[in-house]
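Student: The structure follows.
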Amino acid sequence: MKQLIQSFKTGETILEEVPAPQVARGQVLIRTTRSLVSLGTERMLVEFGKANLVQKARQQPDKVKQVLDKIRTEGLMPTLEAVFNKLAQPLPLGYCNVGKVIAVGEGVSEFKVGDRVASNGPHAEIVCVPQNLVAAIPANVSDDEAAFTVIGSIGLQGIRLCNPTLGETIVVTGLGLIGMITAELLLANGCRVIGIDLDAEKIALARKKGIIGINPAEGGDVVKSVLDETHGRGADGVIITASAKTDEIISQAARMSRKRGRIILVGVIGLNISRAEFYEKELTFQVSCSYGPGRYDEEYEQRGVDYPLPFVRWTEKRNFEAVLQAVSSRKLDVASLISERVPLDEYDRVYGSIGKSRSIASLLVYREDANPQHTVHVLPATSFAGKKGVWGIIGAGNFTKMTMLPALEKARADIKYIASAGGITGTALAKKYKIAFSTTDYQEILRDRETDGVMITTRHNTHAAMVLKALAAGKHVFVEKPLALNEEELEQIIDAYDGSVTLTVGFNRRFSPHVQKVKQLVGNTPMNVIATMNAGAIPPNVWVHDMKVGGGRIIGEACHFIDLITYLTGSKIIAVCMNAMGVHPAENTDNASILLQYENGSTGVINYFSNGSKAYQKERIEVYSQDRTAIIDNYKQTTGYGFKGFSKLKTTLDKGHKAQFQALISSIKNGGAPLIPFDEIVNTTRASFAAVRSLQQSGWVRLDQVRVAAPVTAEPEEALQ
């Protein structure tokens with residue numbers, strides 16, 4: 001299918017061929033007929049992309065600070081690489097979509113195949129949208145008109161926050177698409193509306209709709225004009241839908257408001273506010289968030305958990321429906337706002353001059369015979385016949401992009417597929433790293449006989465199920481940590497693993513040259529190991545903290561250090577205890593100390609903290625054994641004390657990813673054994689679960705006896721049959 005994307009690096013807008021998304025639980029698959037170009041929002045994105053690095057930095061000073069902090073902790077080159085990779089990430093354009101339902105996911109009962117719907121889907125021939133971001137279109141509303149649903153709800157949410165009453169005078173500053181719809185909805189609400197804009201054509205259109213138009217370009221004082229129109233009282237409310245860098249707009253809004261007036265910001269403007277202007281009139285100021293309640297709430301948007309109507313009357317979905325009802329009852333005339341209708345293939349007619357366009361609304365028109373192809377050929381001439389060690393990658397997120405693919409490229413891995421949920425990131429990475437196929441159907445990889453192994457880098461809650469399917473398909477498996485989120489999943493993997501293929505978990509620290517050196521120096525003698533992770537805070541709404549999706553940071557991240565200490569000690573964990581910060585620590589804590597006891601008498605302490613300074617190094621490993629001490633500082637420097645012939649090792653930052661992938665590729669191609677013994681993988685996973693479980697218990701938590709699968713005994717050719 002075709003989809004419009006934009007590069008943050010160059011600002012170029014491209015109509016890309018990408019695989020169609022697959023319908024998922026709680027979602028609706030839609031074949032697009034129309035989509036509306038939001039000239040204001042999309043103009044800003046395109047202009048930002050076309051700016052040079054200095055201009056981009058000036059526009060995002062908070063990001064510059066993050067970059068400087070990263071340089072201090074990880075060095076210049078890794079930081080620059082991360083920045084350029086981020087800028088190269090393609091961005092899907094558009095959020096005002098109309099089409100017909102072609103499939104519904106499990107749990108969706110409101111929609112059926114054939115329904116006409118409006119959604120916040122992007123400019124793409126096929127879109128997959130969660131049900132709470134989809135609204136049914138009334139029969140008397142055309143597809144053209146329905147395309148204004150989502151952008152209309154942005155204006156409607158601003159109105160709801162302003163809370164106008166019958167007869168009040170409301171000023172709308174900026175009569176672009178959102179501003180014009182906002183003004184017309186205010187009229188329908190019984191308000192007297194004053195619209196302000198510099199464009200004479202927009203002012204003329206507004207006046208035809210019954211809006212009092214003021215054009216500052218015609219001369220005169222805008223504030224005085226509003227005061228004159230209100231007999232000196234001032235506006236009851238001001239809704240700002242303009243996009244400008246100047247602070248004058250907010251100042252004008254304050255000066256034209258009546259005492260105790262309301263100012264609502266929907267657009268993007270300078271916000272250096274004069275205290276005196278707001279203080280003297282006791283003005284209220286509020287920023288409106290997109291479509292309404294529910295926006296950016298993963299429970300509402302992604303999981304379909306609705307807010308109870310008696311307590312939250314107007315959610316974003318209910319705002320969608322209200323806009324459609326206003327169009328249906330002809331209280332909102334959006335057809336008059338359409339400036340042009342452009343076939344999708346001729347998108348450049350809109351985007352080629354988007355920075356200079358004076359149009360109000362541009363519609364993209366789609367062909368209605370688009371079929372959802374879930375796999376696209378990126379390099380159709382590539383042949384993998386007869387090759388050994390051919391891989392498919394499931395997941396195209398940051399780890400795949402920033403770490404895995406660069407390492408696999410250096411290891412000269414043969415990669416046939418990359419799978420991603422939306423198809424865009426996977427296709428972009430396939431082009432960059434010369435991967436033959438981009439797909440949104442990861443089971444296509446499992447069905448392919450030429451593919452020997454799969455690499456799984458998706459969200460944590462999908463790991464176990466995908467591992468089980470890959471093992472059943474006879475594929476070698478590399479799965480990012482954690483292997484599983486609970487003991488039931490782990491037991492299923494233990495039962496399924498028969499040793500005929502390799503199973504590797506992404507525990508990479510043991511492969512760092514610093515760790516390898518310390519392992520060589522201390523040998524297998526009993527030791528004390530202290531591993532400190534200055535993990536940094538992650539916002540509480542990020543999926544990693546969700547115990548059902550990410551498993552929490554102890555299971556999802558601290559497992560690295562359980563494996564690291566297990567590797568260094570060369571022994572099995574027999575007991576685990578964890579103490580977390582706080583009087584009543586949560587199950588998903590990310591501030592904890594874990595104590596490990598090993599079979600050979602060694603001990604390990606893992607300090608996993610999220611409340612430290614970003615200026616301090618992220619990881620520090622201390623090893624004490626037989627009057628000797630080794631200190632690993634962030635995998636950049638190792639210092640030895642008491643070791644004969646060794647005092648210091650310095651390298652660039654390397655947590656072991658590169659070495660792990662190089663060893664993995666070599667192992668599979670040469671028919672070698674798994675990189676990490678299966679019993680160590682199971683032991684580490686059990687220890688991670690036990691650490692979290694110990695929050696609810698006191699004292700030591702004894703681990704169950706580890707079940708070890710049989711070692712790999714089959715020849716490589718037999719194992720792949």
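Note on naming: chains are A, B, ... as they come in the structure tokens, residues start from 1 per chain, ligands start from 1 in the order shown.
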Neighbouring residues of A:Arg553 were defined as those with any atom within 10 Å, considering only C-alpha atoms; residues of the same chain fewer than 6 positions away were excluded. Please report them as a ChimeraX atom specification.
Tutor: /A:535,538,544-547,559,588-591,608,610
Student: So that I have them on file, write out the residues from the current selection with N, CA, C and O atoms, as a PDB file, in the first residue's frame.
Tutor:
ATOM      1  N   ALA A 535      20.041   3.973  36.435  1.00  0.00           N
ATOM      2  CA  ALA A 535      19.163   3.742  35.285  1.00  0.00           C
ATOM      3  C   ALA A 535      18.489   4.996  34.760  1.00  0.00           C
ATOM      4  O   ALA A 535      18.158   5.078  33.582  1.00  0.00           O
ATOM      5  N   ILE A 538      12.166   6.982  34.118  1.00  0.00           N
ATOM      6  CA  ILE A 538      11.301   6.864  32.948  1.00  0.00           C
ATOM      7  C   ILE A 538       9.905   7.288  33.399  1.00  0.00           C
ATOM      8  O   ILE A 538       9.443   6.858  34.459  1.00  0.00           O
ATOM      9  N   VAL A 544       6.927   0.240  29.874  1.00  0.00           N
ATOM     10  CA  VAL A 544       7.866  -0.611  30.605  1.00  0.00           C
ATOM     11  C   VAL A 544       7.394  -0.837  32.043  1.00  0.00           C
ATOM     12  O   VAL A 544       7.590  -1.914  32.616  1.00  0.00           O
ATOM     13  N   HIS A 545       6.751   0.163  32.647  1.00  0.00           N
ATOM     14  CA  HIS A 545       6.302   0.056  34.032  1.00  0.00           C
ATOM     15  C   HIS A 545       5.065  -0.823  34.191  1.00  0.00           C
ATOM     16  O   HIS A 545       4.760  -1.262  35.300  1.00  0.00           O
ATOM     17  N   ASP A 546       4.340  -1.032  33.105  1.00  0.00           N
ATOM     18  CA  ASP A 546       3.119  -1.837  33.162  1.00  0.00           C
ATOM     19  C   ASP A 546       3.512  -3.303  33.338  1.00  0.00           C
ATOM     20  O   ASP A 546       4.133  -3.900  32.462  1.00  0.00           O
ATOM     21  N   MET A 547       3.128  -3.908  34.454  1.00  0.00           N
ATOM     22  CA  MET A 547       3.550  -5.279  34.741  1.00  0.00           C
ATOM     23  C   MET A 547       3.018  -6.287  33.730  1.00  0.00           C
ATOM     24  O   MET A 547       3.617  -7.344  33.537  1.00  0.00           O
ATOM     25  N   CYS A 559      17.478  -7.756  34.958  1.00  0.00           N
ATOM     26  CA  CYS A 559      17.867  -9.130  34.607  1.00  0.00           C
ATOM     27  C   CYS A 559      19.230  -9.176  33.934  1.00  0.00           C
ATOM     28  O   CYS A 559      19.950 -10.178  34.027  1.00  0.00           O
ATOM     29  N   ASN A 588       6.097  -2.724  40.670  1.00  0.00           N
ATOM     30  CA  ASN A 588       6.880  -2.301  39.512  1.00  0.00           C
ATOM     31  C   ASN A 588       7.937  -1.260  39.880  1.00  0.00           C
ATOM     32  O   ASN A 588       8.230  -0.352  39.116  1.00  0.00           O
ATOM     33  N   THR A 589       8.518  -1.382  41.059  1.00  0.00           N
ATOM     34  CA  THR A 589       9.535  -0.445  41.524  1.00  0.00           C
ATOM     35  C   THR A 589      10.729  -0.395  40.572  1.00  0.00           C
ATOM     36  O   THR A 589      11.058  -1.377  39.910  1.00  0.00           O
ATOM     37  N   ASP A 590      11.383   0.757  40.522  1.00  0.00           N
ATOM     38  CA  ASP A 590      12.649   0.852  39.788  1.00  0.00           C
ATOM     39  C   ASP A 590      13.728   1.488  40.671  1.00  0.00           C
ATOM     40  O   ASP A 590      14.685   2.071  40.173  1.00  0.00           O
ATOM     41  N   ASN A 591      13.574   1.345  41.988  1.00  0.00           N
ATOM     42  CA  ASN A 591      14.602   1.740  42.952  1.00  0.00           C
ATOM     43  C   ASN A 591      14.733   0.614  43.964  1.00  0.00           C
ATOM     44  O   ASN A 591      13.940   0.519  44.911  1.00  0.00           O
ATOM     45  N   TYR A 608      19.832  -1.164  41.612  1.00  0.00           N
ATOM     46  CA  TYR A 608      19.165  -0.637  40.416  1.00  0.00           C
ATOM     47  C   TYR A 608      18.372   0.595  40.838  1.00  0.00           C
ATOM     48  O   TYR A 608      17.350   0.490  41.526  1.00  0.00           O
ATOM     49  N   SER A 610      16.744   4.575  39.892  1.00  0.00           N
ATOM     50  CA  SER A 610      16.285   5.519  38.869  1.00  0.00           C
ATOM     51  C   SER A 610      16.326   6.959  39.360  1.00  0.00           C
ATOM     52  O   SER A 610      15.925   7.860  38.626  1.00  0.00           O
TER      53      SER A 610
END
Student: Applying 12 Å and only C-alpha atoms, which residues near A:Thr375 remain after dropping the ones on its own chain fewer than 3 positions away? List them as a count of residues only.
Tutor: 33
Student: Excluding A:Ser647 and its own-chain neighbours fewer than 3 positions away, which residues fall within 12 Å of it when counting only C-alpha atoms? Please give them as an MDAnalysis selection string.
Tutor: chainID A and resid 517:518 521 628:632 637:644 650
Student: When you look at A:Glu299 with a cut-off of 12 Å (counting only C-alpha atoms), what residues show up, excluding the ones that are within fewer than 4 positions of it in the same chain? I need them as a compact mmCIF listing (two decimals) with N, CA, C and O atoms, in the first residue's frame.
Tutor:
# COMPACT_ATOMS: atom_id res chain seq x y z
N GLY A 26 -9.12 -5.00 19.53
CA GLY A 26 -9.59 -3.67 19.89
C GLY A 26 -9.40 -2.63 18.81
O GLY A 26 -9.61 -1.44 19.05
N PRO A 130 -7.32 2.21 16.79
CA PRO A 130 -8.06 1.72 17.96
C PRO A 130 -9.50 2.22 17.94
O PRO A 130 -9.78 3.33 17.48
N ASN A 132 -11.56 3.43 20.02
CA ASN A 132 -11.94 4.69 20.67
C ASN A 132 -11.49 5.92 19.90
O ASN A 132 -11.75 7.05 20.33
N PRO A 293 -10.60 14.77 26.29
CA PRO A 293 -10.25 13.76 27.30
C PRO A 293 -10.05 12.38 26.69
O PRO A 293 -10.84 11.92 25.86
N GLY A 294 -8.98 11.74 27.10
CA GLY A 294 -8.60 10.45 26.54
C GLY A 294 -7.36 10.54 25.70
O GLY A 294 -6.66 9.54 25.47
N ARG A 295 -7.05 11.75 25.19
CA ARG A 295 -5.88 11.90 24.33
C ARG A 295 -4.60 11.60 25.11
O ARG A 295 -4.40 12.07 26.22
N ARG A 303 -6.21 0.56 24.72
CA ARG A 303 -6.86 -0.61 25.33
C ARG A 303 -8.37 -0.52 25.33
O ARG A 303 -9.06 -1.42 25.79
N GLY A 304 -8.91 0.61 24.85
CA GLY A 304 -10.35 0.73 24.68
C GLY A 304 -11.14 0.89 25.96
O GLY A 304 -12.35 0.64 25.98
N VAL A 305 -10.48 1.32 27.04
CA VAL A 305 -11.19 1.52 28.31
C VAL A 305 -11.81 2.92 28.30
O VAL A 305 -11.10 3.92 28.41
N ASP A 306 -13.13 2.99 28.16
CA ASP A 306 -13.82 4.27 28.04
C ASP A 306 -13.97 4.94 29.41
O ASP A 306 -14.01 4.27 30.44
N TYR A 307 -14.04 6.27 29.39
CA TYR A 307 -14.35 7.01 30.61
C TYR A 307 -15.87 6.97 30.82
O TYR A 307 -16.64 7.07 29.86
N ASN A 541 3.98 6.65 32.92
CA ASN A 541 3.00 6.15 31.95
C ASN A 541 3.63 5.36 30.81
O ASN A 541 2.93 4.88 29.92
N VAL A 542 4.95 5.20 30.81
CA VAL A 542 5.63 4.42 29.76
C VAL A 542 5.35 2.93 29.97
O VAL A 542 5.30 2.44 31.10
N TRP A 543 5.18 2.21 28.89
CA TRP A 543 4.74 0.81 28.93
C TRP A 543 5.66 -0.10 29.74
O TRP A 543 5.22 -1.13 30.27
N ASP A 546 4.34 -1.03 33.11
CA ASP A 546 3.12 -1.84 33.16
C ASP A 546 3.51 -3.30 33.34
O ASP A 546 4.13 -3.90 32.46
Student: Write out as a PyMOL selection string all residues of stretch 415-654 of chain A that backbone DSSP assigns to alpha helix (DSSP H).
Tutor: chain A and resi 424-432+443-447+463-472+487-496+513-522+552-553+559-569
Student: Using the chain letters and numbers from this document, which residues of stretch 539-698 of chain A does DSSP assign to strand (DSSP E), as an mmCIF file with N, CA, C and O atoms, in the first residue's frame?
Tutor:
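Saved to part.cif:
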data_model
loop_
_atom_site.group_PDB
_atom_site.id
_atom_site.type_symbol
_atom_site.label_atom_id
_atom_site.label_comp_id
_atom_site.auth_asym_id
_atom_site.auth_seq_id
_atom_site.Cartn_x
_atom_site.Cartn_y
_atom_site.Cartn_z
ATOM 1 N N ILE A 573 22.332 -19.423 40.881
ATOM 2 C CA ILE A 573 21.677 -18.712 41.970
ATOM 3 C C ILE A 573 20.834 -19.707 42.772
ATOM 4 O O ILE A 573 20.091 -20.510 42.207
ATOM 5 N N ILE A 574 20.945 -19.614 44.107
ATOM 6 C CA ILE A 574 20.119 -20.486 44.944
ATOM 7 C C ILE A 574 19.163 -19.699 45.832
ATOM 8 O O ILE A 574 18.233 -20.269 46.398
ATOM 9 N N ALA A 575 19.383 -18.383 45.987
ATOM 10 C CA ALA A 575 18.463 -17.594 46.803
ATOM 11 C C ALA A 575 18.488 -16.137 46.359
ATOM 12 O O ALA A 575 19.508 -15.637 45.878
ATOM 13 N N VAL A 576 17.342 -15.479 46.510
ATOM 14 C CA VAL A 576 17.198 -14.091 46.079
ATOM 15 C C VAL A 576 16.431 -13.313 47.143
ATOM 16 O O VAL A 576 15.468 -13.810 47.722
ATOM 17 N N CYS A 577 16.876 -12.063 47.380
ATOM 18 C CA CYS A 577 16.127 -11.169 48.248
ATOM 19 C C CYS A 577 16.198 -9.768 47.655
ATOM 20 O O CYS A 577 17.251 -9.367 47.144
ATOM 21 N N MET A 578 15.084 -9.038 47.691
ATOM 22 C CA MET A 578 15.095 -7.677 47.154
ATOM 23 C C MET A 578 14.450 -6.715 48.134
ATOM 24 O O MET A 578 13.385 -6.999 48.687
ATOM 25 N N ASN A 579 15.096 -5.591 48.344
ATOM 26 C CA ASN A 579 14.527 -4.492 49.117
ATOM 27 C C ASN A 579 14.328 -3.309 48.184
ATOM 28 O O ASN A 579 15.237 -2.938 47.447
ATOM 29 N N ALA A 580 13.130 -2.712 48.233
ATOM 30 C CA ALA A 580 12.828 -1.574 47.373
ATOM 31 C C ALA A 580 12.643 -0.322 48.208
ATOM 32 O O ALA A 580 12.252 -0.389 49.382
ATOM 33 N N ALA A 592 15.695 -0.273 43.753
ATOM 34 C CA ALA A 592 15.772 -1.469 44.587
ATOM 35 C C ALA A 592 17.196 -2.009 44.655
ATOM 36 O O ALA A 592 18.027 -1.740 43.785
ATOM 37 N N SER A 593 17.450 -2.775 45.713
ATOM 38 C CA SER A 593 18.700 -3.528 45.854
ATOM 39 C C SER A 593 18.354 -5.010 45.904
ATOM 40 O O SER A 593 17.464 -5.420 46.658
ATOM 41 N N ILE A 594 19.052 -5.791 45.091
ATOM 42 C CA ILE A 594 18.802 -7.231 44.992
ATOM 43 C C ILE A 594 20.037 -7.970 45.504
ATOM 44 O O ILE A 594 21.168 -7.674 45.087
ATOM 45 N N LEU A 595 19.815 -8.915 46.402
ATOM 46 C CA LEU A 595 20.912 -9.719 46.948
ATOM 47 C C LEU A 595 20.795 -11.138 46.408
ATOM 48 O O LEU A 595 19.735 -11.767 46.520
ATOM 49 N N LEU A 596 21.869 -11.628 45.815
ATOM 50 C CA LEU A 596 21.896 -12.961 45.215
ATOM 51 C C LEU A 596 22.875 -13.849 45.971
ATOM 52 O O LEU A 596 23.989 -13.423 46.293
ATOM 53 N N GLN A 597 22.455 -15.081 46.246
ATOM 54 C CA GLN A 597 23.352 -16.077 46.838
ATOM 55 C C GLN A 597 23.590 -17.176 45.815
ATOM 56 O O GLN A 597 22.636 -17.651 45.174
ATOM 57 N N TYR A 598 24.865 -17.573 45.658
ATOM 58 C CA TYR A 598 25.226 -18.552 44.641
ATOM 59 C C TYR A 598 25.646 -19.879 45.263
ATOM 60 O O TYR A 598 26.067 -19.941 46.428
ATOM 61 N N THR A 603 28.505 -14.102 46.316
ATOM 62 C CA THR A 603 27.333 -13.256 46.517
ATOM 63 C C THR A 603 27.329 -12.150 45.471
ATOM 64 O O THR A 603 28.385 -11.719 44.987
ATOM 65 N N GLY A 604 26.138 -11.690 45.167
ATOM 66 C CA GLY A 604 25.995 -10.574 44.238
ATOM 67 C C GLY A 604 25.026 -9.558 44.784
ATOM 68 O O GLY A 604 24.017 -9.925 45.400
ATOM 69 N N VAL A 605 25.337 -8.282 44.594
ATOM 70 C CA VAL A 605 24.436 -7.202 44.982
ATOM 71 C C VAL A 605 24.171 -6.350 43.743
ATOM 72 O O VAL A 605 25.119 -5.896 43.082
ATOM 73 N N ILE A 606 22.902 -6.167 43.428
ATOM 74 C CA ILE A 606 22.523 -5.314 42.300
ATOM 75 C C ILE A 606 21.796 -4.100 42.857
ATOM 76 O O ILE A 606 20.746 -4.230 43.491
ATOM 77 N N ASN A 607 22.360 -2.933 42.654
ATOM 78 C CA ASN A 607 21.712 -1.683 43.028
ATOM 79 C C ASN A 607 21.140 -1.064 41.758
ATOM 80 O O ASN A 607 21.884 -0.548 40.927
ATOM 81 N N TYR A 608 19.832 -1.164 41.612
ATOM 82 C CA TYR A 608 19.165 -0.637 40.416
ATOM 83 C C TYR A 608 18.372 0.595 40.838
ATOM 84 O O TYR A 608 17.350 0.490 41.526
ATOM 85 N N PHE A 609 18.870 1.773 40.446
ATOM 86 C CA PHE A 609 18.297 3.027 40.919
ATOM 87 C C PHE A 609 17.884 3.908 39.747
ATOM 88 O O PHE A 609 18.603 4.015 38.749
ATOM 89 N N GLU A 619 26.623 2.730 34.561
ATOM 90 C CA GLU A 619 26.852 1.399 35.123
ATOM 91 C C GLU A 619 28.257 1.277 35.715
ATOM 92 O O GLU A 619 29.236 1.755 35.133
ATOM 93 N N ARG A 620 28.319 0.623 36.871
ATOM 94 C CA ARG A 620 29.592 0.399 37.553
ATOM 95 C C ARG A 620 29.551 -1.011 38.150
ATOM 96 O O ARG A 620 28.619 -1.371 38.863
ATOM 97 N N ILE A 621 30.574 -1.791 37.852
ATOM 98 C CA ILE A 621 30.666 -3.167 38.341
ATOM 99 C C ILE A 621 31.915 -3.280 39.212
ATOM 100 O O ILE A 621 33.010 -2.895 38.795
ATOM 101 N N GLU A 622 31.751 -3.830 40.421
ATOM 102 C CA GLU A 622 32.881 -4.048 41.327
ATOM 103 C C GLU A 622 32.981 -5.541 41.638
ATOM 104 O O GLU A 622 31.990 -6.166 42.009
ATOM 105 N N VAL A 623 34.185 -6.109 41.500
ATOM 106 C CA VAL A 623 34.408 -7.529 41.759
ATOM 107 C C VAL A 623 35.520 -7.658 42.806
ATOM 108 O O VAL A 623 36.614 -7.103 42.629
ATOM 109 N N TYR A 624 35.232 -8.387 43.887
ATOM 110 C CA TYR A 624 36.190 -8.579 44.974
ATOM 111 C C TYR A 624 36.454 -10.070 45.133
ATOM 112 O O TYR A 624 35.526 -10.858 45.319
ATOM 113 N N SER A 625 37.735 -10.470 45.067
ATOM 114 C CA SER A 625 38.066 -11.891 45.185
ATOM 115 C C SER A 625 39.548 -12.053 45.517
ATOM 116 O O SER A 625 40.410 -11.487 44.819
ATOM 117 N N ARG A 628 41.923 -9.164 45.704
ATOM 118 C CA ARG A 628 42.001 -8.437 44.431
ATOM 119 C C ARG A 628 40.661 -7.753 44.167
ATOM 120 O O ARG A 628 39.611 -8.240 44.572
ATOM 121 N N THR A 629 40.732 -6.635 43.472
ATOM 122 C CA THR A 629 39.519 -5.880 43.147
ATOM 123 C C THR A 629 39.590 -5.405 41.702
ATOM 124 O O THR A 629 40.625 -4.907 41.255
ATOM 125 N N ALA A 630 38.482 -5.569 40.987
ATOM 126 C CA ALA A 630 38.373 -5.054 39.612
ATOM 127 C C ALA A 630 37.152 -4.142 39.541
ATOM 128 O O ALA A 630 36.079 -4.491 40.037
ATOM 129 N N ILE A 631 37.333 -2.964 38.945
ATOM 130 C CA ILE A 631 36.255 -1.985 38.819
ATOM 131 C C ILE A 631 36.027 -1.690 37.332
ATOM 132 O O ILE A 631 36.944 -1.255 36.634
ATOM 133 N N ILE A 632 34.804 -1.934 36.873
ATOM 134 C CA ILE A 632 34.432 -1.610 35.491
ATOM 135 C C ILE A 632 33.587 -0.351 35.524
ATOM 136 O O ILE A 632 32.506 -0.331 36.122
ATOM 137 N N ASP A 633 34.067 0.722 34.902
ATOM 138 C CA ASP A 633 33.349 1.992 34.849
ATOM 139 C C ASP A 633 32.689 2.173 33.489
ATOM 140 O O ASP A 633 33.351 2.504 32.497
ATOM 141 N N GLN A 637 36.238 1.854 30.926
ATOM 142 C CA GLN A 637 37.531 1.679 31.608
ATOM 143 C C GLN A 637 37.392 0.644 32.715
ATOM 144 O O GLN A 637 36.427 0.653 33.473
ATOM 145 N N THR A 638 38.352 -0.274 32.778
ATOM 146 C CA THR A 638 38.437 -1.251 33.860
ATOM 147 C C THR A 638 39.765 -1.059 34.576
ATOM 148 O O THR A 638 40.827 -1.003 33.942
ATOM 149 N N THR A 639 39.695 -0.951 35.893
ATOM 150 C CA THR A 639 40.897 -0.768 36.713
ATOM 151 C C THR A 639 41.054 -1.972 37.628
ATOM 152 O O THR A 639 40.086 -2.409 38.275
ATOM 153 N N GLY A 640 42.252 -2.534 37.662
ATOM 154 C CA GLY A 640 42.528 -3.687 38.508
ATOM 155 C C GLY A 640 43.425 -3.316 39.676
ATOM 156 O O GLY A 640 44.368 -2.529 39.530
ATOM 157 N N TYR A 641 43.148 -3.888 40.840
ATOM 158 C CA TYR A 641 43.953 -3.677 42.042
ATOM 159 C C TYR A 641 44.352 -5.052 42.576
ATOM 160 O O TYR A 641 43.491 -5.886 42.875
ATOM 161 N N LYS A 648 44.957 -1.669 34.045
ATOM 162 C CA LYS A 648 43.919 -0.843 33.412
ATOM 163 C C LYS A 648 43.622 -1.306 31.989
ATOM 164 O O LYS A 648 44.517 -1.742 31.255
ATOM 165 N N LEU A 649 42.324 -1.209 31.613
ATOM 166 C CA LEU A 649 41.881 -1.472 30.244
ATOM 167 C C LEU A 649 40.945 -0.351 29.846
ATOM 168 O O LEU A 649 40.006 -0.025 30.569
ATOM 169 N N LYS A 650 41.210 0.256 28.679
ATOM 170 C CA LYS A 650 40.352 1.329 28.177
ATOM 171 C C LYS A 650 39.850 0.973 26.787
ATOM 172 O O LYS A 650 40.610 0.511 25.941
#
Student: Tell me which protein, DNA and RNA residues are within 12 Å of A:Leu344, counting only C-alpha atoms, leaving out same-chain ones fewer than 2 positions away, and put them as an NGL selection string.
Tutor: :A and (1-4 or 14-16 or 32-37 or 123-125 or 341-342 or 346-351 or 362-368)
Student: Tell me which of A:Phe661, A:Phe507, A:Phe561, A:Phe311 sits closest to A:Ile530, counting only C-alpha atoms.
Tutor: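 Closest to A:Ile530 of all the choices is A:Phe561.
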Student: Hey, which of A:Ile249, A:Leu177, A:Met256, A:Leu39 ends up closest to A:Asp228? Count only C-alpha atoms.
Tutor: A:Met256
